[in-house]
$ cat start.pdb   # PDB, C-alpha atoms
ATOM      1  CA  ARG A   1      34.239  28.841 -94.167
ATOM      2  CA  LEU A   2      36.074  30.004 -91.067
ATOM      3  CA  PHE A   3      35.675  33.675 -91.961
ATOM      4  CA  ARG A   4      32.520  35.686 -92.578
ATOM      5  CA  HIS A   5      34.595  38.407 -94.219
ATOM      6  CA  TRP A   6      38.324  38.819 -94.728
ATOM      7  CA  LEU A   7      38.835  40.176 -91.191
ATOM      8  CA  VAL A   8      35.876  38.619 -89.313
ATOM      9  CA  MET A   9      36.228  35.047 -88.080
ATOM     10  CA  VAL A  10      33.214  32.964 -87.090
ATOM     11  CA  ASP A  11      32.900  32.132 -83.382
ATOM     12  CA  ASP A  12      32.477  28.377 -83.755
ATOM     13  CA  CYS A  13      33.752  25.733 -86.156
ATOM     14  CA  PRO A  14      31.191  25.087 -88.908
ATOM     15  CA  ARG A  15      31.853  21.319 -88.744
ATOM     16  CA  CYS A  16      32.266  20.414 -85.079
ATOM     17  CA  ASP A  17      30.880  23.512 -83.275
ATOM     18  CA  LEU A  18      34.118  23.943 -81.289
ATOM     19  CA  HIS A  19      34.340  27.469 -79.911
ATOM     20  CA  PHE A  20      37.524  28.989 -81.355
ATOM     21  CA  GLU A  21      38.351  31.349 -78.494
ATOM     22  CA  ARG A  22      39.176  28.585 -76.032
ATOM     23  CA  VAL A  23      40.920  30.781 -73.461
ATOM     24  CA  GLU A  24      41.146  34.483 -72.793
ATOM     25  CA  GLY A  25      43.925  35.957 -74.911
ATOM     26  CA  GLN A  26      43.629  33.189 -77.517
ATOM     27  CA  TRP A  27      44.675  35.377 -80.418
ATOM     28  CA  ILE A  28      47.816  36.999 -78.948
ATOM     29  CA  GLY A  29      49.975  34.447 -80.768
ATOM     30  CA  ALA A  30      48.203  35.141 -84.056
ATOM     31  CA  ILE A  31      48.771  38.866 -83.617
ATOM     32  CA  ALA A  32      52.466  38.262 -82.910
ATOM     33  CA  MET A  33      52.773  35.954 -85.926
ATOM     34  CA  ASN A  34      51.036  38.517 -88.136
ATOM     35  CA  THR A  35      53.291  41.322 -86.908
ATOM     36  CA  ILE A  36      56.482  39.316 -87.427
ATOM     37  CA  LEU A  37      55.427  38.242 -90.919
ATOM     38  CA  ALA A  38      54.528  41.809 -91.923
ATOM     39  CA  LEU A  39      57.862  43.077 -90.578
ATOM     40  CA  LEU A  40      59.751  40.382 -92.500
ATOM     41  CA  VAL A  41      58.024  41.453 -95.716
ATOM     42  CA  LEU A  42      58.905  45.077 -94.978
ATOM     43  CA  LEU A  43      62.522  44.135 -94.261
ATOM     44  CA  GLY A  44      62.708  42.117 -97.476
ATOM     45  CA  LEU A  45      61.281  45.029 -99.423
ATOM     46  CA  LEU A  46      63.816  47.434 -97.914
ATOM     47  CA  VAL A  47      66.814  45.163 -98.468
ATOM     48  CA  GLY A  48      65.664  44.183-101.946
ATOM     49  CA  GLY A  49      64.908  47.786-102.900
ATOM     50  CA  PHE A  50      68.305  49.007-101.763
ATOM     51  CA  ALA A  51      70.110  46.068-103.394
ATOM     52  CA  LEU A  52      68.375  46.515-106.752
ATOM     53  CA  SER A  53      68.858  50.279-106.891
ATOM     54  CA  TYR A  54      72.392  50.530-105.487
ATOM     55  CA  PRO A  55      74.169  53.045-105.631
ATOM     56  CA  ASP A  56      71.366  55.436-106.662
ATOM     57  CA  SER A  57      68.438  54.386-104.484
ATOM     58  CA  PRO A  58      65.197  56.302-105.188
ATOM     59  CA  PRO A  59      64.008  57.275-101.715
ATOM     60  CA  ILE A  60      60.484  58.362-102.728
ATOM     61  CA  GLY A  61      59.618  55.161-104.625
ATOM     62  CA  LEU A  62      61.019  52.910-101.936
ATOM     63  CA  LEU A  63      59.297  54.941 -99.219
ATOM     64  CA  ALA A  64      55.953  54.662-101.031
ATOM     65  CA  ALA A  65      56.365  50.900-101.469
ATOM     66  CA  CYS A  66      57.272  50.477 -97.799
ATOM     67  CA  LEU A  67      54.281  52.528 -96.667
ATOM     68  CA  VAL A  68      51.925  50.427 -98.797
ATOM     69  CA  ALA A  69      53.473  47.198 -97.478
ATOM     70  CA  THR A  70      53.225  48.471 -93.908
ATOM     71  CA  ALA A  71      49.562  49.389 -94.309
ATOM     72  CA  LEU A  72      48.410  46.335 -96.253
ATOM     73  CA  GLY A  73      50.690  43.611 -94.885
ATOM     74  CA  PRO A  74      48.870  42.941 -91.607
ATOM     75  CA  LEU A  75      45.491  43.067 -93.353
ATOM     76  CA  VAL A  76      46.572  40.559 -95.997
ATOM     77  CA  PHE A  77      48.109  38.111 -93.502
ATOM     78  CA  HIS A  78      45.332  38.340 -90.882
ATOM     79  CA  PRO A  79      43.206  35.308 -91.849
ATOM     80  CA  PHE A  80      46.268  33.157 -92.477
ATOM     81  CA  SER A  81      47.900  33.989 -89.148
ATOM     82  CA  ARG A  82      44.687  33.292 -87.218
ATOM     83  CA  THR A  83      44.139  29.959 -88.961
ATOM     84  CA  ILE A  84      47.740  28.845 -88.489
ATOM     85  CA  TRP A  85      47.720  29.939 -84.841
ATOM     86  CA  LEU A  86      44.515  27.993 -84.251
ATOM     87  CA  ALA A  87      46.165  24.879 -85.712
ATOM     88  CA  ILE A  88      49.246  25.392 -83.518
ATOM     89  CA  ASP A  89      47.041  25.875 -80.457
ATOM     90  CA  LEU A  90      45.051  22.712 -81.185
ATOM     91  CA  ALA A  91      48.286  20.760 -81.650
ATOM     92  CA  MET A  92      49.725  22.059 -78.357
ATOM     93  CA  ARG A  93      46.475  21.797 -76.363
ATOM     94  CA  PRO A  94      44.183  19.098 -77.804
ATOM     95  CA  VAL A  95      40.451  19.443 -77.341
ATOM     96  CA  THR A  96      39.258  18.208 -73.948
ATOM     97  CA  ALA A  97      36.051  16.334 -73.144
ATOM     98  CA  ASP A  98      34.651  19.451 -71.446
ATOM     99  CA  GLU A  99      35.048  21.479 -74.625
ATOM    100  CA  ILE A 100      33.330  18.774 -76.657
ATOM    101  CA  SER A 101      30.366  18.628 -74.279
ATOM    102  CA  GLU A 102      30.016  22.435 -74.353
ATOM    103  CA  ALA A 103      29.962  22.408 -78.157
TER     104      ALA A 103
END

$ encode --input "start.pdb" --output "structure tokens"
Amino acid sequence: RLFRHWLVMVDDCPRCDLHFERVEGQWIGAIAMNTILALLVLLGLLVGGFALSYPDSPPIGLLAACLVATALGPLVFHPFSRTIWLAIDLAMRPVTADEISEA
């Protein structure tokens, strides 16, 4: 229950009341992770599409598939990248006593 909707994350942990945005710029890493993952999917689609259709690659079909992947990829990976980045952040910077008292 970390997300109200697919793209909207709650502000605090439902179990321990820890505020998720611990520092300014907290989600830059999640945005980078999401972008890299979406680009890897796009690259895989391009390479796979060209490899499967060689030597007569259909440019319109591959272009349409790449456009759909480019539009939907970041939206699909958004909650996963934020959750994984939060776990990485908590592993690198454990919760301090000040954060516990604020919660």

$ closest_residue --input "start.pdb" --among "A:Cys66, A:Ala87, A:Ala97, A:Cys13" --to "Val41 of chain A" --atoms "all atoms listed in the file"
A:Cys66

$ axis_aligned_box --input "start.pdb" --around "segment 8-15 of chain A" --padding-each-side "8 Å" --output "AutoDock Vina command-line options"
--center_x 33.7 --center_y 30.0 --center_z -86.3 --size_x 21.0 --size_y 33.3 --size_z 21.9

$ resolve_selection --input "start.pdb" --expression "the PyMOL selection byres ((chain A and resi 70-84) around 10)" --output "MDAnalysis selection string"
chainID A and resid 2:3 5:9 26:42 64:69 85:90

$ atom_distance --input "start.pdb" --atom1 "atom CA of Arg15 of chain A" --atom2 "atom CA of Pro94 of chain A"
16.6 Å

$ atom_distance --input "start.pdb" --atom1 "atom CA of Ser101 of chain A" --atom2 "atom CA of Glu21 of chain A"
15.6 Å

$ closest_residue --input "start.pdb" --among "A:Pro55, A:Pro14, A:Arg22, A:Leu46" --to "Thr96 of chain A" --atoms "all atoms listed in the file"
A:Arg22

$ atom_distance --input "start.pdb" --atom1 "atom CA of Arg1 of chain A" --atom2 "atom CA of Ala91 of chain A"
20.5 Å

$ residues_around --input "start.pdb" --residues "Asp17 of chain A" --least-positions-apart "3" --cutoff "10 Å" --atoms "all atoms listed in the file" --output "VMD selection string"
chain A and resid 11 to 14 20 99 to 100 102 to 103

$ build_atoms --input "start.pdb" --residues "segment 71-89 of chain A" --atoms "N, CA and C atoms" --output "mmCIF file, in the coordinates of the input"
data_model
loop_
_atom_site.group_PDB
_atom_site.id
_atom_site.type_symbol
_atom_site.label_atom_id
_atom_site.label_comp_id
_atom_site.auth_asym_id
_atom_site.auth_seq_id
_atom_site.Cartn_x
_atom_site.Cartn_y
_atom_site.Cartn_z
ATOM 1 N N ALA A 71 51.007 49.233 -94.507
ATOM 2 C CA ALA A 71 49.562 49.389 -94.309
ATOM 3 C C ALA A 71 48.793 48.127 -94.674
ATOM 4 N N LEU A 72 49.187 47.475 -95.755
ATOM 5 C CA LEU A 72 48.410 46.335 -96.253
ATOM 6 C C LEU A 72 48.889 44.979 -95.739
ATOM 7 N N GLY A 73 50.139 44.893 -95.325
ATOM 8 C CA GLY A 73 50.690 43.611 -94.885
ATOM 9 C C GLY A 73 49.889 42.929 -93.788
ATOM 10 N N PRO A 74 49.641 43.589 -92.671
ATOM 11 C CA PRO A 74 48.870 42.941 -91.607
ATOM 12 C C PRO A 74 47.447 42.579 -92.027
ATOM 13 N N LEU A 75 46.843 43.381 -92.892
ATOM 14 C CA LEU A 75 45.491 43.067 -93.353
ATOM 15 C C LEU A 75 45.480 41.837 -94.250
ATOM 16 N N VAL A 76 46.490 41.704 -95.087
ATOM 17 C CA VAL A 76 46.572 40.559 -95.997
ATOM 18 C C VAL A 76 46.841 39.274 -95.226
ATOM 19 N N PHE A 77 47.703 39.318 -94.227
ATOM 20 C CA PHE A 77 48.109 38.111 -93.502
ATOM 21 C C PHE A 77 47.159 37.726 -92.367
ATOM 22 N N HIS A 78 46.198 38.573 -92.043
ATOM 23 C CA HIS A 78 45.332 38.340 -90.882
ATOM 24 C C HIS A 78 44.639 36.972 -90.886
ATOM 25 N N PRO A 79 43.898 36.604 -91.923
ATOM 26 C CA PRO A 79 43.206 35.308 -91.849
ATOM 27 C C PRO A 79 44.172 34.129 -91.804
ATOM 28 N N PHE A 80 45.297 34.248 -92.467
ATOM 29 C CA PHE A 80 46.268 33.157 -92.477
ATOM 30 C C PHE A 80 46.913 32.983 -91.104
ATOM 31 N N SER A 81 47.259 34.096 -90.459
ATOM 32 C CA SER A 81 47.900 33.989 -89.148
ATOM 33 C C SER A 81 46.927 33.445 -88.104
ATOM 34 N N ARG A 82 45.664 33.824 -88.176
ATOM 35 C CA ARG A 82 44.687 33.292 -87.218
ATOM 36 C C ARG A 82 44.457 31.803 -87.430
ATOM 37 N N THR A 83 44.367 31.373 -88.675
ATOM 38 C CA THR A 83 44.139 29.959 -88.961
ATOM 39 C C THR A 83 45.340 29.120 -88.550
ATOM 40 N N ILE A 84 46.533 29.584 -88.862
ATOM 41 C CA ILE A 84 47.740 28.845 -88.489
ATOM 42 C C ILE A 84 47.892 28.807 -86.971
ATOM 43 N N TRP A 85 47.612 29.928 -86.298
ATOM 44 C CA TRP A 85 47.720 29.939 -84.841
ATOM 45 C C TRP A 85 46.706 28.993 -84.205
ATOM 46 N N LEU A 86 45.518 28.919 -84.764
ATOM 47 C CA LEU A 86 44.515 27.993 -84.251
ATOM 48 C C LEU A 86 44.990 26.550 -84.391
ATOM 49 N N ALA A 87 45.621 26.228 -85.521
ATOM 50 C CA ALA A 87 46.165 24.879 -85.712
ATOM 51 C C ALA A 87 47.291 24.595 -84.718
ATOM 52 N N ILE A 88 48.162 25.563 -84.490
ATOM 53 C CA ILE A 88 49.246 25.392 -83.518
ATOM 54 C C ILE A 88 48.668 25.196 -82.122
ATOM 55 N N ASP A 89 47.665 25.990 -81.776
ATOM 56 C CA ASP A 89 47.041 25.875 -80.457
ATOM 57 C C ASP A 89 46.376 24.514 -80.271
#
